[in-house]
Amino acid sequence: MIRNATIMTAAGPAMRNGSILLRDGKIVEIGATVNAPADAVVIDGTGKYVTPGLIDTHSHIGAGGAPGGQGVLLNDVNEATSPVTAHVWVEHSVWPQDVQLPRVLEGGVTTIQVLPGSANLIGGRSAILKVVPSRTVQGMKFPGARYGLKMACGENPKRVYASRGPSTRMGNVAGYRQAWIGAERYRRSWDNWLAKRTGDAPARDLGNETLAEVLRGNILVHNHCYRADEMAQMIDIANEFGYKIRSFHHGVEAYKIADILAREGISGSLWADWGAFKVEAMDAVKANIALVDRAGARAIVHSDDASGSQRLNQEAAKAMAAGNAAGIPVTEDQAIKWITLNAAWALGLEDRIGSLEQGKNADVVLWTDNPFSVYSKPEKVWIDGAMLFDRLDPNQNWRTDFELGYVPRRNLR
Amino acid sequence: MTTATMTALARHAMAAALLLSASYAGAQTVAITGGRVFPVSGPVIENGTVIIRDGKIVAVGAGLAVPDGARTINATGKWVTPGLINSASQLGLSEIGSVQSTGDASAQGQDQVAAAFTVWEGLNPQSMLFAPARDEGITTVVVMPRGGLIWGQAAVITLVDGSLTDLVTRAPVAMVAQVGSPGQGGSGSRGEQLLRLRELFTDVRFFRDNRRAFDRAETRGLAASRKDLEALIPVIEGRLPLLVAVDKSSDIEATLRLGREFGLRLMLAGAAEGWMVADQIAAARIPVLTGAMNNIPGSFSSLGQRQDNAALLKRAGVEVLLIGNAGGGGADEPFNARNIKQEAGNAVAYGMTWNDALRAVTLTPAQVFGVAERTGSLQAGHDADVVVWGGDPFEFTTRAEHVFVRGVERDVRSRQELLTERYKTLPPSRWEP
């Protein structure tokens with residue numbers, strides 16, 4: 001039970017002097033006056049803020065572990081051996097002892113989507129993970145979460161496969177379409193067999209199994225794409241084969257087609273201020289997220305970076321300030337959704353996480369100060385009602401196997 | 001309209017444009033009044049006034065009279081600071097990261113040594129990335145070369161409009177090198193890398209003392225090219241600092257040993273594990289450039305990386321200059337050199353005092369790089385690098401409302417602002433998906 005805190009619910013306006021009661025892994029009650037049961041641990045939140053656990057739709061943690069660098073061989077992000085690798089599942093790359101996991105937890109992040117890299121047109125299945133200590137990746141997987149499929153546009157695939165193709169954007173598009181044509185045929189043959197169950201079942205094909213699940217609507221598409229015109233091409237391809245794109249990732253030009261994203265029901269997993277590192281990122285503007293939000297599309301702050309993932313709140317604050325500076329008013333109640341509820345929607349988990357509402361999972365962050373302040377830090381973080389991080393009790397905090405002996409203990413205060 | 005009239009009109013328009021640009025070039029007098037003024041070189045002045053004339057600060061204080069005809073900026077409720085300095089940047093040296101033809105930060109050198117490389121000569125004064133940095137209150141950057149063993153020479157650049165000669169405030173300000181990445185330096189191990197550096201500095205001495213014999217080809221072979229040996233003479237004479245990018249504590253100690261052996265004036269950059277040897281760094285009076293947004297052991301040389309490194313170093317008595325160290329597309333990328341205020345805010349969140357953090361992005365770098373008589377603090381006679389903020393400069397909600405660089409407030413809109421303006425209202429789409 002946290003009392004007397006400012007509660008940013010992400011479901012409605014922030015509540016001053018609010019209380020929230022967590023029990024058996026769920027949010028039981030939230031409001032101005034909540035009666036604490038006799039056995040409740042009561043935490044005074046005076047002057048502090050409460051938010052839902054933050055959600056990062058774009059992480060490579062675990063698959064691209066730290067320490068990185070030449071010869072370390074902890075890089076299992078890109079299966080850059082063929083432009084279409086729908087058959088790989090990134091969970092088979094995730095190392096649960098990656099030191100970056102406890103660090104993003106300390107940043108208030110409770111759920112991450114780990115994605116395969118962007119070398120390939122179709123990179124494989126994502127994994128939706130709770131940021132919890134576990135000996136196995138299986139122990140981190142979000143129960144019942146739908147998988148995502150990573151797709152990538154533009155410069156990366158055509159650079160990686162320049163010598164064998166695709167080497168152009170038109171080559172990229174032909175590659176997606178060819179893959180979906182095969183997947184459509186595969187889905188039909190399996191659906192026909194499943195309806196009758198006579199004769200031999202069609203041969204299994206790992207890649208097409210994943211793509212067919214996308215066509216059936218059971219796997220959500222996460223599409224790395226920078227340029228507005230390329231996002232439009234990807235929308236045409238999705239319509240041609242009858243699937244939906246759940247989120248465009250990076251989308252530095254999303255603001256140029258914000259109306260179309262809103263109409264198509266596609267979210268934008270975006271950066272606050274990255275850009276200029278390649279030609280397709282040249283038109284990055286800081287008002288991107290605010291413009292997408294204003295158009296009515298779901299705007300999300302994502303990281304693609306284990307460092308940025310630790311400060312999603314700061315990235316959201318920058319994007320909010322940039323919107324306000326550009327004459328696009330953004331409130332804190334809107335901006336909190338960029339790192340919680342909208343991200344939950346992109347992962348298909350908006351009914352379980354992403355806002356502080358009765359019955360939802362007790363993924364909660366207690367902040368020392370307003371999370372949009374640069375001086376604010378998560379003080380405590382709960383996942384499923386279990387306190388997994390407490391800045392005030394560093395000895396209890398999660399240390400990965402890798403850190404033992406190697407990494408000096410850090411003073412978190 | 002006749003051709004003659006058109007020409008006359010065009011000439012008239014040009015003259016008007018010239019007049020306009022002349023007035024905008026900083027001849028005007030500006031009085032910033034009523035603000036909370038942080039000179040940094042002295043205590044905060046509540047309700048203070050800063051007067052700017054001809055590109056210089058002419059007065060800073062409380063109760064100053066506003067000169068006749070001055071443009072007055074009412075800064076009541078606002079905070080006034082020196083322009084911020086990002087002390088390690090590739091701003092202007094790399095426009096679009098993946099496009100090699102816009103990258104001018106590194107030299108081929110000879111056997112990983114590029115001491116003679118004067119990186120600023122390839123700087124792009126028209127960089128589109130200056131405006132975003134200036135919009136966040138940055139007026140000055142130290143541009144650094146990178147790559148190899150000896151990377152080249154660094155310069156202090158002021159973000160004014162003009163040609164390169166206008167931009168370069170001081171150069172060189174340091175020789176840049178690295179210790180602890182032997183592979184990058186063309187060595188097989190740390191020991192060999194240190195051997196190589198010792199051989200190099202010894203040969204620089206030899207070259208200095210036997211230059212005529214060298215020119216007559218009467219000496220043994222030396223460990224670097226003539227131009228690189230020449231460029232390193234001020235380093236071994238302690239006249240030009242050697243800025244060493246180094247992370248691991250034992251590599252820092254090796255660097256300090258080298259410094260003592262050859263009488264080098266050292267600075268350290270990165271220094272992930274600096275906190276472990278903070279007392280030694282402080283005792284040797286070596287300034288450290290580091291950030292406050294990284295706690296990831298990104299390599300086996302930075303296992304001790306922690307976010308309060310800057311605060312711990314400062315507490316031990318080390319001069320700290322804050323730089324971007326977030327990694328990824330964060331503050332160490334040219335586009336996000338602008339995020340130095342976020343770095344400072346995080347330094348405060350992780351243990352540094354607010355005043356120390358402000359000093360670490362203003363006066364300390366100005367002093368360390370030898371430009372403190374021109375910038376880094378608000379003092380009469382200094383260049384008018386002045387920012388008026390809506391409030392606490394480190395907070396995200398605070399905007400840099402006025403940014404003066406050498407007395408000029410640039411009012412040309414950035415490429416980013418033009419794009420935002422163009423797409424703020426979307427035209428109807430002729431394509432219906």
# chains A, B, ... in the order shown; residues from 1 in each chain; ligands from 1
>>> select_by_dssp(residues="segment 62-271 of chain A", states="strand (DSSP E or B)", output="ChimeraX atom specification")
/A:64,75,84,89,109-114,122-125,127-130,141,148-152,220-225,245-250,267-270
>>> write_last_selection(atoms="C-alpha atoms", output="compact mmCIF listing (two decimals), in the first residue's frame")
# COMPACT_ATOMS: atom_id res chain seq x y z
CA GLY A 64 23.19 -8.14 -27.34
CA ASN A 75 26.22 -10.41 -29.82
CA VAL A 84 14.55 -13.44 -44.58
CA TRP A 89 13.23 -16.71 -32.33
CA VAL A 109 11.26 -0.64 -16.77
CA THR A 110 9.25 -3.75 -15.97
CA THR A 111 8.48 -5.20 -19.42
CA ILE A 112 10.64 -5.24 -22.53
CA GLN A 113 10.22 -6.52 -26.03
CA VAL A 114 13.52 -8.00 -27.15
CA ILE A 122 12.26 -10.24 -41.79
CA GLY A 123 14.37 -10.80 -38.71
CA GLY A 124 12.41 -13.33 -36.68
CA ARG A 125 10.24 -13.54 -33.57
CA ALA A 127 10.31 -12.05 -27.03
CA ILE A 128 8.20 -10.21 -24.47
CA LEU A 129 10.02 -10.42 -21.16
CA LYS A 130 9.46 -9.33 -17.62
CA LYS A 141 8.66 -14.68 -20.61
CA GLY A 148 6.08 -10.04 -32.33
CA LEU A 149 7.67 -10.28 -35.76
CA LYS A 150 10.59 -8.01 -36.57
CA MET A 151 10.69 -6.51 -40.04
CA ALA A 152 13.11 -3.87 -41.28
CA LEU A 220 2.11 -8.67 -34.10
CA VAL A 221 4.31 -6.93 -36.66
CA HIS A 222 7.00 -4.56 -35.43
CA ASN A 223 8.48 -2.80 -38.40
CA HIS A 224 11.77 -0.89 -38.23
CA CYS A 225 11.27 1.92 -40.75
CA ILE A 245 1.40 -3.49 -38.71
CA ARG A 246 1.22 -2.98 -34.95
CA SER A 247 4.07 -0.52 -34.60
CA PHE A 248 6.56 1.28 -36.78
CA HIS A 249 9.86 1.46 -34.93
CA HIS A 250 12.24 4.43 -35.12
CA SER A 267 1.51 2.97 -33.33
CA GLY A 268 4.87 4.70 -33.56
CA SER A 269 7.73 3.48 -31.36
CA LEU A 270 9.94 6.53 -31.60
>>> closest_atom_pairs(of="chain B", to="chain A", cutoff="6 Å", atoms="only C-alpha atoms", output="CSV")
residue,atom,partner,partner_atom,distance
B:Ile96,CA,A:Phe277,CA,5.0
B:Gly97,CA,A:Phe277,CA,4.1
B:Ser98,CA,A:Lys278,CA,4.8
B:Pro297,CA,A:Pro67,CA,5.6
B:Gly298,CA,A:Pro67,CA,4.4
B:Ser299,CA,A:Pro67,CA,4.4
B:Leu303,CA,A:Val407,CA,5.4
B:Gly304,CA,A:Val407,CA,5.8
B:Gly328,CA,A:Asp305,CA,5.9
B:Gly329,CA,A:Trp274,CA,5.7
B:Gly345,CA,A:Val374,CA,5.6
B:Ala349,CA,A:Tyr375,CA,4.8
B:Glu395,CA,A:Val374,CA,5.7
B:Phe396,CA,A:Lys318,CA,5.5
B:Thr397,CA,A:Ala321,CA,5.3
B:Gln416,CA,A:Val285,CA,5.3
B:Tyr423,CA,A:Lys256,CA,5.8
>>> write_last_selection(atoms="N, CA and C atoms", output="compact mmCIF listing (two decimals), in the first residue's frame")
# COMPACT_ATOMS: atom_id res chain seq x y z
N ILE B 96 26.48 13.30 -41.27
CA ILE B 96 25.59 12.14 -41.31
C ILE B 96 26.48 10.93 -41.07
N GLY B 97 26.27 10.31 -39.92
CA GLY B 97 27.19 9.28 -39.45
C GLY B 97 27.59 8.25 -40.50
N SER B 98 26.60 7.76 -41.26
CA SER B 98 26.90 6.65 -42.16
C SER B 98 27.48 7.11 -43.49
N PRO B 297 28.76 -1.86 -17.91
CA PRO B 297 30.11 -2.32 -18.22
C PRO B 297 30.18 -2.74 -19.68
N GLY B 298 30.34 -1.76 -20.55
CA GLY B 298 30.27 -1.99 -21.98
C GLY B 298 31.43 -2.79 -22.53
N SER B 299 32.51 -2.86 -21.78
CA SER B 299 33.65 -3.66 -22.20
C SER B 299 34.35 -4.17 -20.94
N LEU B 303 34.44 -2.33 -16.54
CA LEU B 303 33.56 -3.11 -15.67
C LEU B 303 33.06 -2.27 -14.50
N GLY B 304 33.88 -1.30 -14.08
CA GLY B 304 33.50 -0.46 -12.93
C GLY B 304 32.72 0.78 -13.30
N GLY B 328 25.06 4.62 -27.51
CA GLY B 328 23.95 4.53 -28.46
C GLY B 328 23.89 5.77 -29.33
N GLY B 329 22.70 6.28 -29.55
CA GLY B 329 22.55 7.52 -30.31
C GLY B 329 22.47 8.68 -29.36
N GLY B 345 22.27 17.44 -15.52
CA GLY B 345 21.16 17.13 -14.61
C GLY B 345 21.32 15.76 -13.98
N ALA B 349 21.64 14.39 -10.16
CA ALA B 349 20.84 13.28 -9.62
C ALA B 349 21.73 12.21 -9.01
N GLU B 395 16.64 21.20 -16.40
CA GLU B 395 15.33 20.55 -16.49
C GLU B 395 14.81 20.52 -17.93
N PHE B 396 14.14 19.43 -18.29
CA PHE B 396 13.66 19.26 -19.66
C PHE B 396 12.62 20.31 -20.03
N THR B 397 11.84 20.73 -19.04
CA THR B 397 10.76 21.67 -19.34
C THR B 397 11.30 23.08 -19.54
N GLN B 416 15.50 21.60 -38.69
CA GLN B 416 14.51 20.84 -37.91
C GLN B 416 13.24 21.66 -37.71
N TYR B 423 5.32 20.29 -41.73
CA TYR B 423 4.43 19.15 -41.52
C TYR B 423 3.49 19.32 -40.32
>>> residues_around(residues="segment 169-186 of chain B", least_positions_apart="5", cutoff="9 Å", atoms="only C-alpha atoms", output="VMD selection string")
chain B and resid 111 to 113 115 118 120 140 142 144 to 158 191 to 194 231 to 232 235 240 to 248 250 to 252 254 to 255 267 269 301 368 to 371 374
>>> write_last_selection(atoms="C-alpha atoms", output="JSON list (two decimals), in the first residue's frame")
[["chain", "number", "residue", "atom", "x", "y", "z"],
["B", 111, "ASP", "CA", 51.05, 3.27, -38.02],
["B", 112, "GLN", "CA", 48.09, 4.55, -35.94],
["B", 113, "VAL", "CA", 49.88, 7.82, -35.16],
["B", 115, "ALA", "CA", 49.73, 13.61, -34.10],
["B", 118, "THR", "CA", 44.61, 19.30, -37.11],
["B", 120, "TRP", "CA", 39.41, 21.49, -37.14],
["B", 140, "THR", "CA", 31.09, 26.29, -27.48],
["B", 142, "VAL", "CA", 35.72, 21.10, -28.09],
["B", 144, "MET", "CA", 38.14, 15.94, -31.00],
["B", 145, "PRO", "CA", 39.69, 13.69, -33.60],
["B", 146, "ARG", "CA", 39.38, 9.96, -33.08],
["B", 147, "GLY", "CA", 40.89, 6.65, -34.05],
["B", 148, "GLY", "CA", 44.25, 4.93, -33.67],
["B", 149, "LEU", "CA", 46.90, 5.40, -31.02],
["B", 150, "ILE", "CA", 47.59, 9.14, -31.28],
["B", 151, "TRP", "CA", 44.35, 10.57, -32.67],
["B", 152, "GLY", "CA", 45.37, 14.14, -33.48],
["B", 153, "GLN", "CA", 44.78, 17.60, -32.08],
["B", 154, "ALA", "CA", 41.63, 19.08, -30.57],
["B", 155, "ALA", "CA", 40.24, 22.62, -30.88],
["B", 156, "VAL", "CA", 37.78, 24.91, -29.15],
["B", 157, "ILE", "CA", 35.03, 25.94, -31.56],
["B", 158, "THR", "CA", 32.44, 28.63, -31.01],
["B", 191, "GLY", "CA", 52.35, -3.80, -22.39],
["B", 192, "GLU", "CA", 53.26, -3.42, -26.03],
["B", 193, "GLN", "CA", 51.08, -0.34, -26.36],
["B", 194, "LEU", "CA", 52.87, 1.35, -23.45],
["B", 231, "ALA", "CA", 53.63, 17.93, -33.56],
["B", 232, "LEU", "CA", 54.46, 16.01, -30.38],
["B", 235, "VAL", "CA", 53.43, 17.57, -25.66],
["B", 240, "LEU", "CA", 50.25, 21.09, -24.99],
["B", 241, "PRO", "CA", 48.14, 18.75, -22.84],
["B", 242, "LEU", "CA", 47.91, 15.10, -23.77],
["B", 243, "LEU", "CA", 44.27, 14.09, -23.48],
["B", 244, "VAL", "CA", 44.09, 10.34, -23.01],
["B", 245, "ALA", "CA", 40.92, 8.34, -23.60],
["B", 246, "VAL", "CA", 41.19, 5.59, -21.01],
["B", 247, "ASP", "CA", 38.71, 3.60, -18.90],
["B", 248, "LYS", "CA", 40.24, 0.82, -16.83],
["B", 250, "SER", "CA", 45.01, 0.03, -14.14],
["B", 251, "ASP", "CA", 45.24, 1.73, -17.54],
["B", 252, "ILE", "CA", 44.67, 5.07, -15.81],
["B", 254, "ALA", "CA", 49.75, 3.33, -16.40],
["B", 255, "THR", "CA", 48.84, 6.65, -18.02],
["B", 267, "MET", "CA", 43.88, 15.09, -19.14],
["B", 269, "ALA", "CA", 38.64, 11.28, -21.04],
["B", 301, "SER", "CA", 37.93, -2.32, -19.63],
["B", 368, "VAL", "CA", 41.14, 23.57, -18.76],
["B", 369, "PHE", "CA", 41.20, 24.35, -22.48],
["B", 370, "GLY", "CA", 42.65, 27.81, -22.01],
["B", 371, "VAL", "CA", 39.74, 29.98, -23.14],
["B", 374, "ARG", "CA", 36.85, 34.65, -23.42]]
>>> atom_distance(atom1="atom CA of Gln90 of chain B", atom2="atom CA of Pro334 of chain B")
5.4 Å
>>> atom_distance(atom1="atom CA of Gly154 of chain A", atom2="atom CA of Asn313 of chain A")
28.9 Å
>>> residues_around(residues="Trp382 of chain A", least_positions_apart="4", cutoff="6 Å", atoms="only C-alpha atoms", output="list of chain:residue names")
A:Asp363, A:Val364, A:Ala386, A:Met387, A:Leu388
